Structure formats: structure tokens, C-alpha cells
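Reproduced below: my_file.pdb, with PDB, C-alpha atoms.
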```pdb
ATOM      1  CA  MET M1346      64.969 -86.303  35.899
ATOM      2  CA  ASN M1347      62.266 -86.001  38.570
ATOM      3  CA  LYS M1348      62.387 -89.757  39.165
ATOM      4  CA  LEU M1349      66.166 -89.613  39.543
ATOM      5  CA  LYS M1350      65.862 -86.794  42.075
ATOM      6  CA  SER M1351      63.262 -88.777  43.991
ATOM      7  CA  VAL M1352      65.498 -91.861  44.125
ATOM      8  CA  PHE M1353      68.478 -89.771  45.221
ATOM      9  CA  PHE M1354      66.481 -87.994  47.934
ATOM     10  CA  THR M1355      64.996 -91.278  49.226
ATOM     11  CA  THR M1356      68.425 -92.911  49.330
ATOM     12  CA  LEU M1357      69.895 -89.918  51.139
ATOM     13  CA  MET M1358      67.095 -89.971  53.729
ATOM     14  CA  LEU M1359      67.581 -93.699  54.301
ATOM     15  CA  ILE M1360      71.291 -93.170  54.912
ATOM     16  CA  VAL M1361      70.657 -90.283  57.305
ATOM     17  CA  SER M1362      67.990 -92.308  59.151
ATOM     18  CA  ALA M1363      70.324 -95.301  59.447
ATOM     19  CA  VAL M1364      73.090 -93.124  60.870
ATOM     20  CA  ALA M1365      70.657 -91.530  63.334
ATOM     21  CA  LEU M1366      69.458 -94.962  64.498
ATOM     22  CA  ILE M1367      72.955 -96.348  65.112
ATOM     23  CA  PRO M1368      73.150 -95.047  68.742
ATOM     24  CA  LEU M1369      69.744 -96.590  69.500
ATOM     25  CA  TYR M1370      70.838 -99.910  68.013
ATOM     26  CA  ILE M1371      74.107 -99.883  69.977
ATOM     27  CA  MET M1372      72.185 -99.138  73.184
ATOM     28  CA  ILE M1373      69.830-102.069  72.606
ATOM     29  CA  ILE M1374      72.739-104.414  71.861
ATOM     30  CA  MET M1375      74.747-103.286  74.901
ATOM     31  CA  GLY M1376      71.712-103.871  77.111
ATOM     32  CA  THR M1377      71.903-107.578  76.276
ATOM     33  CA  HIS M1378      75.533-107.976  77.384
ATOM     34  CA  SER M1379      77.267-108.041  80.755
ATOM     35  CA  THR M1380      79.593-105.276  81.902
ATOM     36  CA  ARG M1381      82.590-107.521  81.231
ATOM     37  CA  ASP M1382      81.510-108.128  77.631
ATOM     38  CA  ILE M1383      80.869-104.418  77.072
ATOM     39  CA  PHE M1384      84.461-103.525  77.970
ATOM     40  CA  ALA M1385      86.025-106.603  76.385
ATOM     41  CA  ARG M1386      84.968-105.984  72.800
ATOM     42  CA  ILE M1387      82.725-104.039  70.443
ATOM     43  CA  ASN M1388      79.456-105.967  70.265
ATOM     44  CA  LEU M1389      77.257-105.638  67.199
ATOM     45  CA  ILE M1390      74.999-108.653  67.757
ATOM     46  CA  PRO M1391      72.671-109.357  70.723
ATOM     47  CA  GLY M1392      74.123-111.162  73.731
ATOM     48  CA  SER M1393      72.660-113.649  76.184
ATOM     49  CA  TYR M1394      72.706-111.483  79.318
ATOM     50  CA  PHE M1395      69.455-109.580  78.725
ATOM     51  CA  ILE M1396      67.364-111.541  81.256
ATOM     52  CA  GLU M1397      70.004-111.100  83.983
ATOM     53  CA  ASN M1398      70.152-107.356  83.311
ATOM     54  CA  CYS M1399      66.355-107.096  83.465
ATOM     55  CA  VAL M1400      66.285-108.962  86.776
ATOM     56  CA  THR M1401      68.932-106.627  88.192
ATOM     57  CA  VAL M1402      66.980-103.597  87.030
ATOM     58  CA  LEU M1403      63.655-104.791  88.439
ATOM     59  CA  LYS M1404      65.192-105.732  91.802
ATOM     60  CA  SER M1405      66.455-102.158  92.167
ATOM     61  CA  GLY M1406      62.891-100.785  92.393
ATOM     62  CA  TYR M1407      62.756 -99.749  88.757
ATOM     63  CA  ALA M1408      58.958-100.202  88.621
ATOM     64  CA  VAL M1409      58.582 -97.511  91.296
ATOM     65  CA  TYR M1410      60.891 -95.162  89.385
ATOM     66  CA  TYR M1411      58.915 -95.862  86.225
ATOM     67  CA  TRP M1412      55.614 -95.022  87.906
ATOM     68  CA  ASN M1413      57.049 -91.849  89.451
ATOM     69  CA  SER M1414      58.302 -90.600  86.088
ATOM     70  CA  PHE M1415      55.059 -91.522  84.356
ATOM     71  CA  TYR M1416      52.603 -89.789  86.646
ATOM     72  CA  ILE M1417      54.866 -86.741  87.003
ATOM     73  CA  ALA M1418      55.044 -86.446  83.209
ATOM     74  CA  VAL M1419      51.266 -86.835  82.801
ATOM     75  CA  LEU M1420      50.440 -84.196  85.430
ATOM     76  CA  THR M1421      53.072 -81.894  83.961
ATOM     77  CA  ILE M1422      51.535 -82.235  80.504
ATOM     78  CA  VAL M1423      48.008 -81.486  81.721
ATOM     79  CA  ILE M1424      48.999 -78.409  83.742
ATOM     80  CA  SER M1425      51.594 -77.031  81.339
ATOM     81  CA  VAL M1426      49.517 -77.453  78.173
ATOM     82  CA  PHE M1427      46.417 -75.913  79.772
ATOM     83  CA  ILE M1428      48.282 -72.884  81.135
ATOM     84  CA  SER M1429      50.163 -72.410  77.844
ATOM     85  CA  THR M1430      46.954 -72.677  75.816
ATOM     86  CA  ILE M1431      44.892 -70.238  77.855
ATOM     87  CA  THR M1432      47.778 -67.760  78.137
ATOM     88  CA  GLY M1433      48.655 -68.045  74.458
ATOM     89  CA  TYR M1434      44.996 -67.517  73.547
ATOM     90  CA  ALA M1435      44.930 -64.336  75.644
ATOM     91  CA  PHE M1436      48.087 -62.974  74.012
ATOM     92  CA  ALA M1437      46.908 -63.917  70.519
ATOM     93  CA  LYS M1438      43.304 -62.632  70.585
ATOM     94  CA  PHE M1439      42.962 -60.069  73.388
ATOM     95  CA  THR M1440      44.229 -56.546  73.957
ATOM     96  CA  PHE M1441      45.178 -55.548  77.494
ATOM     97  CA  PRO M1442      47.593 -53.139  79.221
ATOM     98  CA  PHE M1443      51.323 -53.936  78.994
ATOM     99  CA  LYS M1444      50.638 -56.806  76.584
ATOM    100  CA  LYS M1445      53.693 -56.144  74.407
ATOM    101  CA  LEU M1446      55.951 -55.604  77.421
ATOM    102  CA  MET M1447      54.805 -58.870  78.995
ATOM    103  CA  PHE M1448      55.350 -60.762  75.754
ATOM    104  CA  VAL M1449      58.859 -59.312  75.413
ATOM    105  CA  PHE M1450      59.544 -60.472  78.966
ATOM    106  CA  ILE M1451      58.422 -63.995  78.015
ATOM    107  CA  ILE M1452      60.731 -64.028  74.982
ATOM    108  CA  ALA M1453      63.621 -62.669  77.059
ATOM    109  CA  ASN M1454      63.015 -65.340  79.683
ATOM    110  CA  MET M1455      63.416 -68.022  77.018
ATOM    111  CA  MET M1456      66.975 -66.815  76.442
ATOM    112  CA  VAL M1457      68.042 -67.382  80.068
ATOM    113  CA  PRO M1458      69.507 -70.856  80.744
ATOM    114  CA  PRO M1459      67.321 -72.613  83.344
ATOM    115  CA  GLN M1460      70.433 -73.730  85.255
ATOM    116  CA  LEU M1461      70.987 -70.102  86.351
ATOM    117  CA  GLY M1462      67.849 -70.177  88.470
ATOM    118  CA  LEU M1463      68.405 -73.650  89.894
ATOM    119  CA  ILE M1464      69.892 -72.554  93.237
ATOM    120  CA  ALA M1465      67.148 -69.989  93.827
ATOM    121  CA  TYR M1466      64.485 -72.546  92.914
ATOM    122  CA  VAL M1467      65.910 -75.114  95.331
ATOM    123  CA  MET M1468      66.022 -72.513  98.117
ATOM    124  CA  GLN M1469      62.435 -71.545  97.368
ATOM    125  CA  MET M1470      61.268 -75.167  97.470
ATOM    126  CA  LYS M1471      63.156 -75.663 100.744
ATOM    127  CA  ALA M1472      61.420 -72.639 102.265
ATOM    128  CA  MET M1473      58.078 -74.088 101.146
ATOM    129  CA  ARG M1474      59.065 -77.499 102.608
ATOM    130  CA  LEU M1475      58.586 -79.236  99.269
ATOM    131  CA  LEU M1476      61.959 -80.989  99.051
ATOM    132  CA  ASP M1477      61.832 -84.765  98.576
ATOM    133  CA  SER M1478      58.448 -84.432  96.880
ATOM    134  CA  HIS M1479      57.376 -84.480  93.248
ATOM    135  CA  ILE M1480      55.549 -81.151  93.358
ATOM    136  CA  PRO M1481      58.645 -79.066  92.409
ATOM    137  CA  LEU M1482      59.243 -81.331  89.400
ATOM    138  CA  ILE M1483      55.734 -80.526  88.159
ATOM    139  CA  MET M1484      55.727 -76.828  89.054
ATOM    140  CA  VAL M1485      58.905 -76.057  87.142
ATOM    141  CA  TYR M1486      57.219 -76.798  83.787
ATOM    142  CA  ALA M1487      53.759 -75.519  84.730
ATOM    143  CA  ALA M1488      54.346 -72.013  83.374
ATOM    144  CA  SER M1489      56.401 -72.765  80.277
ATOM    145  CA  THR M1490      57.546 -69.645  78.467
ATOM    146  CA  TYR M1491      58.251 -71.724  75.378
ATOM    147  CA  GLY M1492      54.733 -73.165  75.525
ATOM    148  CA  VAL M1493      53.164 -69.714  75.837
ATOM    149  CA  PHE M1494      55.219 -68.346  72.943
ATOM    150  CA  PHE M1495      54.540 -71.392  70.772
ATOM    151  CA  MET M1496      50.797 -71.310  71.448
ATOM    152  CA  THR M1497      50.567 -67.557  70.894
ATOM    153  CA  GLN M1498      52.235 -67.737  67.490
ATOM    154  CA  TYR M1499      50.075 -70.687  66.494
ATOM    155  CA  LEU M1500      46.716 -69.220  67.503
ATOM    156  CA  LYS M1501      47.488 -65.906  65.812
ATOM    157  CA  LYS M1502      47.420 -67.714  62.470
ATOM    158  CA  ALA M1503      45.235 -70.759  63.059
ATOM    159  CA  LEU M1504      42.234 -69.173  64.814
ATOM    160  CA  PRO M1505      40.442 -66.528  62.690
ATOM    161  CA  TYR M1506      39.191 -63.591  64.730
ATOM    162  CA  GLU M1507      35.919 -63.627  62.758
ATOM    163  CA  ILE M1508      34.950 -66.938  64.359
ATOM    164  CA  ILE M1509      35.408 -65.452  67.819
ATOM    165  CA  GLU M1510      33.308 -62.414  66.891
ATOM    166  CA  SER M1511      30.572 -64.637  65.474
ATOM    167  CA  ALA M1512      30.477 -66.653  68.691
ATOM    168  CA  ARG M1513      30.190 -63.465  70.740
ATOM    169  CA  VAL M1514      27.312 -62.253  68.572
ATOM    170  CA  GLU M1515      25.566 -65.592  69.203
ATOM    171  CA  GLY M1516      25.850 -64.948  72.938
ATOM    172  CA  ALA M1517      28.701 -67.296  73.821
ATOM    173  CA  SER M1518      30.706 -66.413  76.923
ATOM    174  CA  GLU M1519      34.462 -65.903  76.791
ATOM    175  CA  TRP M1520      35.044 -69.160  78.661
ATOM    176  CA  GLY M1521      32.639 -70.910  76.306
ATOM    177  CA  ILE M1522      34.530 -69.583  73.280
ATOM    178  CA  PHE M1523      37.797 -70.788  74.750
ATOM    179  CA  PHE M1524      36.665 -74.297  75.654
ATOM    180  CA  ARG M1525      34.357 -74.913  72.680
ATOM    181  CA  ILE M1526      36.189 -73.132  69.859
ATOM    182  CA  ALA M1527      39.775 -72.101  70.672
ATOM    183  CA  ILE M1528      40.817 -75.455  72.086
ATOM    184  CA  ARG M1529      39.540 -77.268  68.988
ATOM    185  CA  PHE M1530      41.688 -75.084  66.762
ATOM    186  CA  ALA M1531      44.646 -75.516  69.109
ATOM    187  CA  VAL M1532      44.566 -79.344  69.240
ATOM    188  CA  PRO M1533      47.519 -79.872  66.806
ATOM    189  CA  CYS M1534      49.659 -77.377  68.718
ATOM    190  CA  MET M1535      48.577 -78.802  72.069
ATOM    191  CA  SER M1536      49.539 -82.292  70.892
ATOM    192  CA  THR M1537      52.963 -81.071  69.801
ATOM    193  CA  LEU M1538      53.505 -79.234  73.070
ATOM    194  CA  ALA M1539      52.398 -82.311  75.036
ATOM    195  CA  ILE M1540      55.079 -84.419  73.338
ATOM    196  CA  VAL M1541      57.761 -81.796  74.010
ATOM    197  CA  VAL M1542      56.773 -81.376  77.677
ATOM    198  CA  PHE M1543      56.668 -85.145  78.165
ATOM    199  CA  MET M1544      60.218 -85.418  76.866
ATOM    200  CA  TRP M1545      61.370 -82.585  79.150
ATOM    201  CA  SER M1546      59.813 -84.165  82.213
ATOM    202  CA  TRP M1547      60.748 -87.769  81.404
ATOM    203  CA  ASN M1548      64.404 -86.985  80.671
ATOM    204  CA  SER M1549      64.919 -84.487  83.510
ATOM    205  CA  TYR M1550      67.944 -85.431  85.621
ATOM    206  CA  LEU M1551      69.564 -82.353  87.177
ATOM    207  CA  LEU M1552      66.442 -81.047  88.930
ATOM    208  CA  PRO M1553      65.459 -84.361  90.592
ATOM    209  CA  LEU M1554      69.117 -84.845  91.512
ATOM    210  CA  VAL M1555      69.195 -81.722  93.686
ATOM    211  CA  LEU M1556      65.620 -81.904  94.979
ATOM    212  CA  ILE M1557      65.076 -85.573  95.841
ATOM    213  CA  ASN M1558      67.023 -87.726  98.268
ATOM    214  CA  LYS M1559      64.484 -90.426  99.108
ATOM    215  CA  ARG M1560      64.991 -93.517  96.958
ATOM    216  CA  GLU M1561      61.256 -94.253  96.776
ATOM    217  CA  ALA M1562      60.723 -90.840  95.174
ATOM    218  CA  PHE M1563      63.382 -91.282  92.467
ATOM    219  CA  THR M1564      62.532 -90.875  88.800
ATOM    220  CA  ILE M1565      63.972 -93.064  86.029
ATOM    221  CA  PRO M1566      67.139 -90.982  85.345
ATOM    222  CA  LEU M1567      68.011 -90.969  89.051
ATOM    223  CA  GLY M1568      67.165 -94.656  89.380
ATOM    224  CA  ILE M1569      69.451 -95.581  86.487
ATOM    225  CA  ALA M1570      72.315 -93.493  87.905
ATOM    226  CA  THR M1571      72.071 -95.032  91.371
ATOM    227  CA  LEU M1572      71.681 -98.477  89.839
ATOM    228  CA  GLY M1573      75.254 -98.298  88.636
ATOM    229  CA  ASN M1574      76.579 -97.137  91.998
ATOM    230  CA  TYR M1575      74.655 -99.716  93.996
ATOM    231  CA  TYR M1576      75.679-102.628  91.823
ATOM    232  CA  ARG M1577      79.338-101.624  91.547
ATOM    233  CA  THR M1578      78.989 -99.888  88.221
ATOM    234  CA  ASP M1579      76.908-102.496  86.444
ATOM    235  CA  TYR M1580      76.899-100.795  83.053
ATOM    236  CA  GLY M1581      74.994-103.633  81.431
ATOM    237  CA  ALA M1582      72.095-103.173  83.874
ATOM    238  CA  GLN M1583      72.315 -99.391  83.518
ATOM    239  CA  ILE M1584      72.051 -99.550  79.738
ATOM    240  CA  CYS M1585      69.240-102.091  79.998
ATOM    241  CA  GLY M1586      67.360 -99.703  82.306
ATOM    242  CA  LEU M1587      68.042 -96.869  79.892
ATOM    243  CA  MET M1588      66.692 -98.971  77.043
ATOM    244  CA  LEU M1589      63.494 -99.724  78.975
ATOM    245  CA  GLY M1590      63.180 -96.046  79.824
ATOM    246  CA  THR M1591      63.194 -94.983  76.178
ATOM    247  CA  ILE M1592      60.221 -97.185  75.277
ATOM    248  CA  PRO M1593      57.543 -94.600  76.261
ATOM    249  CA  LEU M1594      59.349 -91.907  74.246
ATOM    250  CA  ILE M1595      59.482 -94.107  71.153
ATOM    251  CA  VAL M1596      55.819 -95.110  71.499
ATOM    252  CA  LEU M1597      54.711 -91.526  72.131
ATOM    253  CA  PHE M1598      56.552 -90.166  69.126
ATOM    254  CA  ALA M1599      55.372 -93.042  66.896
ATOM    255  CA  VAL M1600      51.744 -92.393  67.863
ATOM    256  CA  GLY M1601      51.924 -88.601  67.905
ATOM    257  CA  SER M1602      54.376 -87.879  65.097
ATOM    258  CA  ARG M1603      51.541 -86.901  62.758
ATOM    259  CA  PHE M1604      50.259 -84.313  65.246
ATOM    260  CA  PHE M1605      53.822 -83.241  66.015
ATOM    261  CA  VAL M1606      54.592 -82.354  62.396
ATOM    262  CA  LYS M1607      51.169 -80.786  61.872
ATOM    263  CA  GLY M1608      51.544 -78.671  64.985
ATOM    264  CA  LEU M1609      54.938 -77.386  63.856
ATOM    265  CA  THR M1610      53.798 -76.479  60.354
ATOM    266  CA  ALA M1611      50.081 -75.578  60.514
ATOM    267  CA  GLY M1612      50.614 -72.256  62.248
ATOM    268  CA  ALA M1613      53.025 -71.122  59.566
ATOM    269  CA  VAL M1614      50.225 -70.685  57.012
ATOM    270  CA  LYS M1615      47.656 -67.974  57.492
ATOM    271  CA  GLY M1616      44.008 -68.972  57.342
TER     272      GLY M1616
END
```

If you took the structure in this file and wrote it as C-alpha cells, what would it be?
Amino acid sequence: MNKLKSVFFTTLMLIVSAVALIPLYIMIIMGTHSTRDIFARINLIPGSYFIENCVTVLKSGYAVYYWNSFYIAVLTIVISVFISTITGYAFAKFTFPFKKLMFVFIIANMMVPPQLGLIAYVMQMKAMRLLDSHIPLIMVYAASTYGVFFMTQYLKKALPYEIIESARVEGASEWGIFFRIAIRFAVPCMSTLAIVVFMWSWNSYLLPLVLINKREAFTIPLGIATLGNYYRTDYGAQICGLMLGTIPLIVLFAVGSRFFVKGLTAGAVKG
């Protein structure tokens, strides 16, 4: 009976995985066809237009867009994960005035759609003369309420308070405890948060759309969108650019999936 259940569960997971991968497969196939072929028929096998689409994409300045998205995502990860970790550690292991009120404010802020503050954020960046730069794209994720909440809940369970007390008895400073002990316990959660923040930054379209007008400052989503307009709606080149843009996400998740799952589950068990 157990073997039958195992076979059934494995078969079900294979079917679900195959269905989930169909859009990715269709995207890859469409990226090898011309716009005419895409609208002429449903293509399920690779075409012969992949090289032409790649040439069109590269001529549009796609390498610059790629670099812009990459370094923005990396800086966003470093700043966001560090701020989330140190803030989450403070909420999880310290007692200070208005702690509960501040944490409630963080949770409440997570319920507000970010689009509601878009106009105010753009006006603020304009007043600071930061339009057409990448700084606003990094700042917006620097203080992530989700990251702070996630890290707080994780460190409450994963980092025993006795270890902190032992380090204090041994004469360790608070900064030393954070950098030498707390961060080591938080590595799985930090890895998970890094993957999530990378996806947010890499896939961001609306914010760069309203903040950036200079072509040389475009990120990949903006570059792909303008690629279609510039080349008279070349959907084949657009989909090819989209396919190339998903490669870092696939690689990142393939490499960090173990940490991603561990980070999501480890904090759920006390000890």
C-alpha cells in the first residue's frame, strides 16, 4: 500500500511539474521563431530564427540592460538582506520601548499595496534629483518590511537566547555577537531572502518605467518592452530577450533551492 501511494504521489508530482513547465517550454520555442511564424501557427518544435532574434536583441543594447539589472539586483540584495537581518535580530532578541507597536506597524505596512505609494515615491525622488538613476530602484527594497518580518520570525526560533547570554558572559560585544553568532544562525533565512529580493529587483517593471527615461539606464524589463516598439513589434526578438532574461533566475533557484526550502522550513521548528 505504501509503495502504491509513493508511485501515485510521484506520478502526480511529475504531471504537475510538466504542466508548470509548459509556459517555459512555449517561451523557449517561440524565441526561436520569427514574428510571422508566431502568429501563423502554434509552434511546438524549435524554429530556425533563433540566431536572428539573438542578433536583434544584442543590437538593441541588451548587454547594457543586462548589466544594469544585474548590479542593481546585487546591491539590492546586499543592502536589503543586511538591514532585514540586523532589524529582525533586534526585534527577535532585544526589548526596547514601543517594540510591539513598531512591529504591528511593520505588519500593517505589508498589507498596503506598493502601487499606492508610487506617486509619492516618484515625487520624493524628483525632489532629491534622483530621477534617471538607479539609486531609487535600490532604495525601494532597502528597508523591506517582509524581510524584517521574515527574519524576526526566523531568529525567534532558530537562535537560542542562551547562546547570546553565554557570549555576553564571555565578554563579547553586541556587534560581535551579531556578526559572529547571529549571522551564522541566520544564513538559511538570509539565503532565502536573497533569492526573493533578487526576483523582486530583476523582474521589476513599473518602478523603472516611471523613474527612468534614459535608454542607457534601462533594466531588462524596460529593454524588452522598448525592443518591441523600436523594431515594429518584433515579438520573436522580445520573447528571445525574455528567455535570455530568465536564465539568471533559473540558475539562482537551481543553485539556491536547497537553502530556499531550508530557510522557509527551519524557523518553523523550535530549537

Which residues fall under the PyMOL selection byres ((chain M and resi 1396) around 10) in this file, as a ChimeraX atom specification?
/M:1376-1378,1393-1395,1397-1402,1582,1585

Could you check which of M:Leu1551, M:Met1372, M:Leu1403, M:Ile1522 is closest to Asn1388 (chain M), using only C-alpha atoms?
M:Met1372

For CA of Asp1477 (chain M) and CA of Lys1559 (chain M), determine how far apart the two atoms are, in Å to one decimal place.
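Straight-line distance from CA of Asp1477 (chain M) to CA of Lys1559 (chain M) works out to 6.3 Å.
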
Within 12 Å of Gly1406 (chain M), counting only C-alpha atoms, which residues qualify if same-chain residues fewer than 4 places away don't, as a PDB file with C-alpha atoms, keeping the file's coordinate frame?
```pdb
ATOM      1  CA  CYS M1399      66.355-107.096  83.465  1.00  0.00           C
ATOM      2  CA  VAL M1400      66.285-108.962  86.776  1.00  0.00           C
ATOM      3  CA  THR M1401      68.932-106.627  88.192  1.00  0.00           C
ATOM      4  CA  VAL M1402      66.980-103.597  87.030  1.00  0.00           C
ATOM      5  CA  TYR M1410      60.891 -95.162  89.385  1.00  0.00           C
ATOM      6  CA  TYR M1411      58.915 -95.862  86.225  1.00  0.00           C
ATOM      7  CA  TRP M1412      55.614 -95.022  87.906  1.00  0.00           C
ATOM      8  CA  ASN M1413      57.049 -91.849  89.451  1.00  0.00           C
ATOM      9  CA  ARG M1560      64.991 -93.517  96.958  1.00  0.00           C
ATOM     10  CA  GLU M1561      61.256 -94.253  96.776  1.00  0.00           C
ATOM     11  CA  ALA M1562      60.723 -90.840  95.174  1.00  0.00           C
ATOM     12  CA  PHE M1563      63.382 -91.282  92.467  1.00  0.00           C
ATOM     13  CA  THR M1564      62.532 -90.875  88.800  1.00  0.00           C
ATOM     14  CA  ILE M1565      63.972 -93.064  86.029  1.00  0.00           C
ATOM     15  CA  LEU M1567      68.011 -90.969  89.051  1.00  0.00           C
ATOM     16  CA  GLY M1568      67.165 -94.656  89.380  1.00  0.00           C
ATOM     17  CA  ILE M1569      69.451 -95.581  86.487  1.00  0.00           C
ATOM     18  CA  THR M1571      72.071 -95.032  91.371  1.00  0.00           C
ATOM     19  CA  LEU M1572      71.681 -98.477  89.839  1.00  0.00           C
ATOM     20  CA  TYR M1575      74.655 -99.716  93.996  1.00  0.00           C
ATOM     21  CA  GLY M1586      67.360 -99.703  82.306  1.00  0.00           C
TER      22      GLY M1586
END
```

Could you give me, as a VMD selection string, the residues within 12 Å of Ile1422 (chain M), counting all atoms listed in the file and dropping anything in the same chain fewer than 4 positions from it?
chain M and resid 1415 to 1418 1426 to 1430 1482 to 1489 1492 1535 to 1547

For Ser1478 (chain M), please output as an MDAnalysis selection string all residues within 8 Å (counting only C-alpha atoms; exclusion window: fewer than 3 positions along the same chain).
chainID M and resid 1475 1481 1556:1557 1562

Taking into account only C-alpha atoms, which residue in the set M:Asn1548, M:Pro1566, M:Arg1381, M:Phe1439 is nearest to Leu1594 (chain M)?
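Nearest candidate to Leu1594 (chain M) out of M:Asn1548, M:Pro1566, M:Arg1381, M:Phe1439: M:Asn1548.
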
For a test of reading the model, state the distance in Å between CA of Phe1598 (chain M) and CA of Tyr1491 (chain M), rounded to one decimal.
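These atoms are spaced 19.5 Å apart.
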
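Between CA of Leu1500 (chain M) and CA of Phe1530 (chain M) the separation is 7.8 Å.
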
Please write as a compact mmCIF listing (two decimals) with C-alpha atoms, in the coordinates of the input the list of polymer residues whose atoms come within 12 Å of (63.0, -68.2, 75.2), counting only C-alpha atoms and keeping to the coordinates of the file.
```txt
# COMPACT_ATOMS: atom_id res chain seq x y z
CA PHE M 1448 55.35 -60.76 75.75
CA VAL M 1449 58.86 -59.31 75.41
CA PHE M 1450 59.54 -60.47 78.97
CA ILE M 1451 58.42 -64.00 78.02
CA ILE M 1452 60.73 -64.03 74.98
CA ALA M 1453 63.62 -62.67 77.06
CA ASN M 1454 63.02 -65.34 79.68
CA MET M 1455 63.42 -68.02 77.02
CA MET M 1456 66.97 -66.82 76.44
CA VAL M 1457 68.04 -67.38 80.07
CA PRO M 1458 69.51 -70.86 80.74
CA PRO M 1459 67.32 -72.61 83.34
CA SER M 1489 56.40 -72.76 80.28
CA THR M 1490 57.55 -69.64 78.47
CA TYR M 1491 58.25 -71.72 75.38
CA GLY M 1492 54.73 -73.17 75.53
CA VAL M 1493 53.16 -69.71 75.84
CA PHE M 1494 55.22 -68.35 72.94
CA PHE M 1495 54.54 -71.39 70.77
```

Residue nearest Met1468 (chain M) among M:Val1555, M:Ala1512, M:Met1496, M:Ala1437 (counting all atoms listed in the file)
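Of the candidates, the smallest distance to Met1468 (chain M) is held by M:Val1555.
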
Starting from the PyMOL selection byres ((chain M and resi 1504) around 9), expand the selection into actual residues of this file and give them as a list in words.
Lys1438, Tyr1499, Leu1500, Lys1501, Lys1502, Ala1503, Pro1505, Tyr1506, Glu1507, Ile1508, Ile1509, Ile1526, Ala1527, Phe1530, Ala1531 and Gly1616 of chain M

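Residue nearest Ile1373 (chain M), chosen from M:His1479, M:Gln1583, M:Pro1593, M:Met1588 and counting only C-alpha atoms: M:Met1588.
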
Find the residue from M:Phe1441, M:Tyr1550, M:Phe1353, M:Phe1523 that sits nearest to Gln1460 (chain M); use all atoms listed in the file when measuring.
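Of the candidates, the smallest distance to Gln1460 (chain M) is held by M:Tyr1550.
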
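Comparing M:Val1600, M:Asp1382, M:Leu1554, M:Leu1389 by their smallest distance to Leu1476 (chain M), the closest is M:Leu1554 (using only C-alpha atoms).
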
Could you give me the centre and size, in Å to one decimal, of an axis-aligned box around all listed atoms of region 1361-1366 of chain M with 4 Å added on every side, as AutoDock Vina command-line options?
```
--center_x 70.5 --center_y -92.8 --center_z 60.9 --size_x 13.1 --size_y 13.0 --size_z 15.2
```
